[in-house]
$ cat target-v8.csv   # CSV, C-alpha atoms
chain,number,residue,atom,x,y,z
A,1,ALA,CA,121.1,78.6,166.3
A,2,GLN,CA,122.1,79.3,162.8
A,3,SER,CA,123.2,82.7,161.6
A,4,VAL,CA,124.9,84.5,158.8
A,5,THR,CA,127.4,87.3,158.7
A,6,GLN,CA,127.8,89.5,155.6
A,7,LEU,CA,131.1,91.3,155.5
A,8,GLY,CA,130.7,94.8,154.2
A,9,SER,CA,127.4,96.7,154.4
A,10,HIS,CA,128.3,98.6,151.2
A,11,VAL,CA,130.4,97.4,148.2
A,12,SER,CA,131.1,99.7,145.3
A,13,VAL,CA,132.5,98.4,141.9
A,14,SER,CA,133.0,99.7,138.4
A,15,GLU,CA,130.9,98.4,135.6
A,16,GLY,CA,132.7,95.4,134.1
A,17,ALA,CA,134.6,94.6,137.3
A,18,LEU,CA,134.3,91.5,139.5
A,19,VAL,CA,131.6,91.4,142.1
A,20,LEU,CA,132.4,89.7,145.3
A,21,LEU,CA,129.9,89.7,148.2
A,22,ARG,CA,131.0,87.8,151.3
A,23,CYS,CA,128.8,85.6,153.6
A,24,ASN,CA,129.9,83.4,156.4
A,25,TYR,CA,127.5,81.1,158.2
A,26,SER,CA,127.3,79.6,161.6
A,27,SER,CA,125.2,76.4,162.0
A,28,SER,CA,125.3,73.4,164.2
A,29,VAL,CA,124.1,71.2,161.4
A,30,PRO,CA,124.7,71.3,157.6
A,31,PRO,CA,122.8,74.3,156.4
A,32,TYR,CA,120.8,75.3,153.4
A,33,LEU,CA,122.1,78.6,152.1
A,34,PHE,CA,120.5,81.2,149.9
A,35,TRP,CA,121.2,84.5,148.3
A,36,TYR,CA,118.4,87.0,147.7
A,37,VAL,CA,118.4,90.3,145.9
A,38,GLN,CA,116.3,93.3,146.6
A,39,TYR,CA,116.0,95.9,143.9
A,40,PRO,CA,114.8,99.4,144.9
A,41,ASN,CA,111.2,99.5,146.1
A,42,GLN,CA,110.7,95.8,145.5
A,43,GLY,CA,110.5,92.6,147.5
A,44,LEU,CA,113.2,90.0,147.7
A,45,GLN,CA,113.9,87.7,144.8
A,46,LEU,CA,115.9,84.4,145.0
A,47,LEU,CA,119.3,84.5,143.2
A,48,LEU,CA,120.5,81.0,144.1
A,49,LYS,CA,120.5,78.4,146.7
A,50,TYR,CA,122.8,75.7,148.1
A,51,THR,CA,121.2,72.5,149.3
A,52,SER,CA,124.1,70.1,149.8
A,53,ALA,CA,124.4,69.0,146.1
A,54,ALA,CA,127.1,70.7,144.1
A,55,THR,CA,129.3,73.1,146.0
A,56,LEU,CA,129.4,75.6,143.2
A,57,VAL,CA,125.9,77.0,142.6
A,58,LYS,CA,124.9,79.0,139.6
A,59,GLY,CA,122.0,81.4,139.8
A,60,ILE,CA,120.2,84.0,137.8
A,61,ASN,CA,121.7,87.0,136.1
A,62,GLY,CA,125.2,85.5,135.9
A,63,PHE,CA,125.8,85.2,139.6
A,64,GLU,CA,127.3,82.1,141.3
A,65,ALA,CA,128.3,81.1,144.8
A,66,GLU,CA,130.6,78.5,146.2
A,67,PHE,CA,129.9,76.6,149.4
A,68,LYS,CA,133.2,76.1,151.4
A,69,LYS,CA,132.6,74.0,154.5
A,70,SER,CA,136.2,74.5,155.7
A,71,GLU,CA,135.8,78.2,155.7
A,72,THR,CA,132.0,78.2,156.6
A,73,SER,CA,131.5,80.6,153.7
A,74,PHE,CA,129.1,81.1,150.8
A,75,HIS,CA,130.4,84.1,148.9
A,76,LEU,CA,128.5,85.5,145.9
A,77,THR,CA,130.4,86.4,142.8
A,78,LYS,CA,129.8,87.7,139.3
A,79,PRO,CA,132.7,88.1,136.8
A,80,SER,CA,131.5,91.4,135.3
A,81,ALA,CA,129.2,93.9,137.0
A,82,HIS,CA,126.4,95.5,135.1
A,83,MET,CA,124.6,98.7,136.1
A,84,SER,CA,121.4,96.7,136.5
A,85,ASP,CA,123.1,94.7,139.3
A,86,ALA,CA,122.9,97.7,141.7
A,87,ALA,CA,120.7,96.4,144.5
A,88,GLU,CA,120.9,95.1,148.1
A,89,TYR,CA,121.9,91.5,148.5
A,90,PHE,CA,121.0,89.3,151.4
A,91,CYS,CA,122.6,86.0,152.5
A,92,ALA,CA,120.2,83.7,154.3
A,93,VAL,CA,120.4,80.3,156.1
A,94,THR,CA,118.0,77.6,157.3
A,95,LYS,CA,119.0,74.3,158.8
A,96,GLY,CA,119.5,71.3,156.6
A,97,SER,CA,118.3,67.8,157.5
A,98,GLY,CA,118.4,67.0,161.1
A,99,GLY,CA,117.4,70.5,162.2
A,100,SER,CA,114.2,72.5,162.2
A,101,ASN,CA,113.6,74.2,158.9
A,102,TYR,CA,110.8,76.6,159.7
A,103,LYS,CA,113.1,79.7,160.1
A,104,LEU,CA,115.0,81.6,157.4
A,105,THR,CA,117.6,83.7,159.0
A,106,PHE,CA,119.0,86.7,157.0
A,107,GLY,CA,122.2,88.6,157.2
A,108,LYS,CA,122.1,92.4,157.5
A,109,GLY,CA,122.5,92.9,153.8
A,110,THR,CA,125.2,94.3,151.4
A,111,LEU,CA,124.3,97.3,149.2
A,112,LEU,CA,126.0,97.0,145.9
A,113,THR,CA,126.7,100.1,143.9
A,114,VAL,CA,127.9,99.9,140.3
A,115,ASN,CA,129.7,102.9,138.9
A,116,PRO,CA,129.8,103.7,135.2
B,1,GLU,CA,100.4,84.9,138.0
B,2,ALA,CA,101.9,83.4,141.1
B,3,GLN,CA,102.4,86.1,143.7
B,4,VAL,CA,102.3,87.3,147.3
B,5,THR,CA,100.1,90.4,147.7
B,6,GLN,CA,100.4,92.8,150.6
B,7,ASN,CA,98.1,95.7,151.3
B,8,PRO,CA,98.5,98.6,151.8
B,9,ARG,CA,101.9,99.4,150.3
B,10,TYR,CA,102.2,102.6,152.3
B,11,LEU,CA,100.6,103.5,155.6
B,12,ILE,CA,101.0,106.4,157.9
B,13,THR,CA,99.2,106.1,161.2
B,14,VAL,CA,99.1,107.5,164.7
B,15,THR,CA,100.3,105.9,167.9
B,16,GLY,CA,97.8,103.5,169.4
B,17,LYS,CA,95.4,103.2,166.5
B,18,LYS,CA,95.0,99.5,165.6
B,19,LEU,CA,95.9,98.5,162.1
B,20,THR,CA,96.0,95.4,160.0
B,21,VAL,CA,98.4,94.7,157.1
B,22,THR,CA,97.0,92.0,154.8
B,23,CYS,CA,98.9,89.3,153.0
B,24,SER,CA,97.5,86.9,150.5
B,25,GLN,CA,99.2,84.2,148.3
B,26,ASN,CA,97.8,82.3,145.4
B,27,MET,CA,100.3,79.5,145.2
B,28,ASN,CA,98.6,77.2,147.8
B,29,HIS,CA,101.7,77.5,150.0
B,30,GLU,CA,101.6,76.0,153.5
B,31,TYR,CA,104.3,78.2,155.0
B,32,MET,CA,103.9,81.9,155.5
B,33,SER,CA,105.9,84.4,157.5
B,34,TRP,CA,106.2,88.1,158.3
B,35,TYR,CA,109.5,90.0,158.4
B,36,ARG,CA,110.4,93.6,159.2
B,37,GLN,CA,113.4,95.3,157.5
B,38,ASP,CA,115.3,98.0,159.2
B,39,PRO,CA,118.4,99.8,158.0
B,40,GLY,CA,121.6,98.0,159.2
B,41,LEU,CA,119.6,95.2,160.8
B,42,GLY,CA,118.5,93.2,157.7
B,43,LEU,CA,115.3,91.2,157.8
B,44,ARG,CA,114.0,89.9,161.2
B,45,GLN,CA,111.2,87.4,161.5
B,46,ILE,CA,108.1,88.5,163.4
B,47,TYR,CA,105.8,85.5,163.1
B,48,TYR,CA,105.5,82.4,160.9
B,49,SER,CA,102.8,79.9,160.2
B,50,MET,CA,103.3,76.3,159.0
B,51,ASN,CA,99.7,75.7,158.2
B,52,VAL,CA,96.2,76.8,158.9
B,53,GLU,CA,95.7,77.6,162.6
B,54,VAL,CA,99.4,76.9,163.3
B,55,THR,CA,101.5,80.0,164.1
B,56,ASP,CA,104.6,80.7,166.1
B,57,LYS,CA,106.8,83.6,167.2
B,58,GLY,CA,109.8,84.6,165.3
B,59,ASP,CA,112.6,86.8,166.7
B,60,VAL,CA,110.7,90.0,167.2
B,61,PRO,CA,107.1,89.2,168.0
B,62,GLU,CA,106.4,91.9,170.6
B,63,GLY,CA,103.6,94.2,169.7
B,64,TYR,CA,102.3,92.1,166.8
B,65,LYS,CA,99.6,89.5,166.4
B,66,VAL,CA,98.8,87.2,163.5
B,67,SER,CA,96.2,84.7,162.5
B,68,ARG,CA,95.9,82.0,159.9
B,69,LYS,CA,92.3,81.1,159.4
B,70,GLU,CA,92.7,80.3,155.7
B,71,LYS,CA,95.6,78.9,153.8
B,72,ARG,CA,96.0,81.9,151.5
B,73,ASN,CA,95.8,84.7,154.0
B,74,PHE,CA,98.1,85.7,156.9
B,75,PRO,CA,97.3,89.2,158.2
B,76,LEU,CA,99.6,91.1,160.5
B,77,ILE,CA,97.9,93.0,163.3
B,78,LEU,CA,99.3,95.8,165.3
B,79,GLU,CA,96.9,96.3,168.2
B,80,SER,CA,98.5,99.5,169.5
B,81,PRO,CA,101.2,100.7,167.2
B,82,SER,CA,104.2,102.6,168.5
B,83,PRO,CA,106.8,104.7,166.7
B,84,ASN,CA,109.4,101.9,167.1
B,85,GLN,CA,107.3,99.8,164.8
B,86,THR,CA,107.9,102.2,161.9
B,87,SER,CA,109.5,99.9,159.4
B,88,LEU,CA,109.3,98.1,156.1
B,89,TYR,CA,107.3,94.9,156.4
B,90,PHE,CA,107.5,91.9,154.1
B,91,CYS,CA,105.2,88.9,153.9
B,92,ALA,CA,106.7,85.7,152.5
B,93,SER,CA,105.3,82.2,151.6
B,94,SER,CA,106.9,78.9,150.7
B,95,PRO,CA,105.6,75.5,149.6
B,96,GLY,CA,105.5,72.8,152.2
B,97,GLN,CA,105.4,73.1,155.9
B,98,PHE,CA,109.1,73.6,156.3
B,99,LEU,CA,111.5,75.8,154.3
B,100,MET,CA,113.8,72.9,153.6
B,101,ASN,CA,115.5,73.7,150.3
B,102,THR,CA,112.6,75.6,148.8
B,103,GLU,CA,112.4,79.2,147.7
B,104,ALA,CA,110.6,81.8,149.8
B,105,PHE,CA,108.4,84.2,147.7
B,106,PHE,CA,108.1,87.7,149.0
B,107,GLY,CA,105.5,90.4,148.7
B,108,GLN,CA,106.3,93.9,147.5
B,109,GLY,CA,106.5,95.3,151.1
B,110,THR,CA,104.5,97.6,153.3
B,111,ARG,CA,106.1,100.8,154.4
B,112,LEU,CA,104.6,101.7,157.8
B,113,THR,CA,105.1,105.0,159.6
B,114,VAL,CA,103.8,105.4,163.1
B,115,VAL,CA,103.8,109.1,164.4
$ encode --input "target-v8.csv" --output "structure tokens"
Amino acid sequence: AQSVTQLGSHVSVSEGALVLLRCNYSSSVPPYLFWYVQYPNQGLQLLLKYTSAATLVKGINGFEAEFKKSETSFHLTKPSAHMSDAAEYFCAVTKGSGGSNYKLTFGKGTLLTVNP
Amino acid sequence: EAQVTQNPRYLITVTGKKLTVTCSQNMNHEYMSWYRQDPGLGLRQIYYSMNVEVTDKGDVPEGYKVSRKEKRNFPLILESPSPNQTSLYFCASSPGQFLMNTEAFFGQGTRLTVV
């Protein structure tokens, strides 16, 4: 079964610093990978997704993620953090072609704090 | 506006009193799902539905029921709620029967407390 592991339940950065949120996946078939963001008291919103096209994926709000098959990773980055980026971030996976796609499996989440 | 609507947003109830959390989407999506979110555990799937009258268990279905009589609605039913079902619940929908590479759209969440 597919799964994702998010390293670090809480990441704290200064405003203007690099944001790096880590996600490693485990899947028996090539996966589809997603990053979702949850702002306080809101539902989840899609940041970006990897679907076996380009390995570097650009998303909303200046975020991007790189799919590295050799490292089974899909880390989320942003060059310069903004106060409005403070939120909880979830990595998620579903199986790609050849597997069943009716289940979206989430990591446990990483809470990002941005300090002024 | 395309959206997934859950009601109620907040609910406090007592052990054993049946309750229903409603979920409705206006995007004609075939796939719908319920998740619960607990601190340190992320989101865990309770049930999902690939189409009308087609539902299946997720990872944590015990104590929950669902139905999909209409495409737009996917209510979550707790027949006899217990304190361990205190959680934040999200409904999600997605186009197509399978998630494939499509985005899942989430409701605003229902915070349930069972005392």
$ closest_atom_pairs --input "target-v8.csv" --of "chain A" --to "chain B" --cutoff "6 Å" --atoms "all atoms listed in the file" --output "tab-separated table"
residue	atom	partner	partner_atom	distance
A:Gln42	CA	B:Gln108	CA	5.2
A:Gly43	CA	B:Gln108	CA	4.4
A:Leu44	CA	B:Phe106	CA	5.7
A:Thr51	CA	B:Asn101	CA	5.9
A:Asn101	CA	B:Phe98	CA	5.2
A:Tyr102	CA	B:Phe98	CA	4.8
A:Phe106	CA	B:Leu43	CA	5.9
A:Gly107	CA	B:Gly42	CA	5.9
A:Lys108	CA	B:Gly42	CA	3.7
A:Gly109	CA	B:Gly42	CA	5.6
$ write_last_selection --input "target-v8.csv" --atoms "C-alpha atoms" --output "PDB file, in the frame of the given file"
ATOM      1  CA  GLN A  42     110.700  95.800 145.500  1.00  0.00           C
ATOM      2  CA  GLY A  43     110.500  92.600 147.500  1.00  0.00           C
ATOM      3  CA  LEU A  44     113.200  90.000 147.700  1.00  0.00           C
ATOM      4  CA  THR A  51     121.200  72.500 149.300  1.00  0.00           C
ATOM      5  CA  ASN A 101     113.600  74.200 158.900  1.00  0.00           C
ATOM      6  CA  TYR A 102     110.800  76.600 159.700  1.00  0.00           C
ATOM      7  CA  PHE A 106     119.000  86.700 157.000  1.00  0.00           C
ATOM      8  CA  GLY A 107     122.200  88.600 157.200  1.00  0.00           C
ATOM      9  CA  LYS A 108     122.100  92.400 157.500  1.00  0.00           C
ATOM     10  CA  GLY A 109     122.500  92.900 153.800  1.00  0.00           C
TER      11      GLY A 109
END
$ residues_around --input "target-v8.csv" --residues "Thr113 in chain B" --least-positions-apart "3" --cutoff "12 Å" --atoms "all atoms listed in the file" --output "ChimeraX atom specification"
/B:9-15,19,81-89,110
$ atom_distance --input "target-v8.csv" --atom1 "CA of Val52 in chain B" --atom2 "CA of Thr22 in chain B"
15.8 Å
$ atom_distance --input "target-v8.csv" --atom1 "CA of Thr5 in chain B" --atom2 "CA of Asn41 in chain A"
14.4 Å
$ closest_residue --input "target-v8.csv" --among "B:Pro95, B:Gln3, B:Lys17, B:Lys71" --to "Gln45 in chain A" --atoms "all atoms listed in the file"
B:Gln3
$ closest_atom_pairs --input "target-v8.csv" --of "range 11-50 of chain A" --to "range 85-91 of chain A" --cutoff "6 Å" --atoms "all atoms listed in the file" --output "CSV"
residue,atom,partner,partner_atom,distance
A:Phe34,CA,A:Cys91,CA,5.8
A:Trp35,CA,A:Cys91,CA,4.7
A:Tyr36,CA,A:Phe90,CA,5.1
A:Val37,CA,A:Tyr89,CA,4.5
A:Gln38,CA,A:Glu88,CA,5.2
A:Tyr39,CA,A:Ala87,CA,4.8
$ atom_distance --input "target-v8.csv" --atom1 "CA of Ala2 in chain B" --atom2 "CA of Pro31 in chain A"
27.5 Å
$ residues_near_point --input "target-v8.csv" --point "(109.5, 94.0, 165.5)" --cutoff "7 Å" --atoms "all atoms listed in the file" --output "list in words"
Arg36, Ile46, Val60, Pro61, Glu62 and Gln85 of chain B
$ residues_around --input "target-v8.csv" --residues "Leu33 in chain A" --least-positions-apart "5" --cutoff "7 Å" --atoms "only C-alpha atoms" --output "list in words"
Lys49, Tyr50, Thr51, Ala92, Val93 and Thr94 of chain A
$ closest_residue --input "target-v8.csv" --among "B:Arg68, B:Asn26, B:Tyr35, B:Lys18" --to "Ser80 in chain B" --atoms "only C-alpha atoms"
B:Lys18
$ residues_near_point --input "target-v8.csv" --point "(131.4, 84.4, 152.2)" --cutoff "8 Å" --atoms "all atoms listed in the file" --output "PDB file with C-alpha atoms, in the frame of the given file"
ATOM      1  CA  GLN A   6     127.800  89.500 155.600  1.00  0.00           C
ATOM      2  CA  LEU A   7     131.100  91.300 155.500  1.00  0.00           C
ATOM      3  CA  LEU A  21     129.900  89.700 148.200  1.00  0.00           C
ATOM      4  CA  ARG A  22     131.000  87.800 151.300  1.00  0.00           C
ATOM      5  CA  CYS A  23     128.800  85.600 153.600  1.00  0.00           C
ATOM      6  CA  ASN A  24     129.900  83.400 156.400  1.00  0.00           C
ATOM      7  CA  TYR A  25     127.500  81.100 158.200  1.00  0.00           C
ATOM      8  CA  THR A  72     132.000  78.200 156.600  1.00  0.00           C
ATOM      9  CA  SER A  73     131.500  80.600 153.700  1.00  0.00           C
ATOM     10  CA  PHE A  74     129.100  81.100 150.800  1.00  0.00           C
ATOM     11  CA  HIS A  75     130.400  84.100 148.900  1.00  0.00           C
ATOM     12  CA  LEU A  76     128.500  85.500 145.900  1.00  0.00           C
TER      13      LEU A  76
END
$ residues_around --input "target-v8.csv" --residues "Lys69 in chain B" --least-positions-apart "6" --cutoff "10 Å" --atoms "only C-alpha atoms" --output "list in words"
Asn51, Val52, Glu53, Val54 and Pro75 of chain B
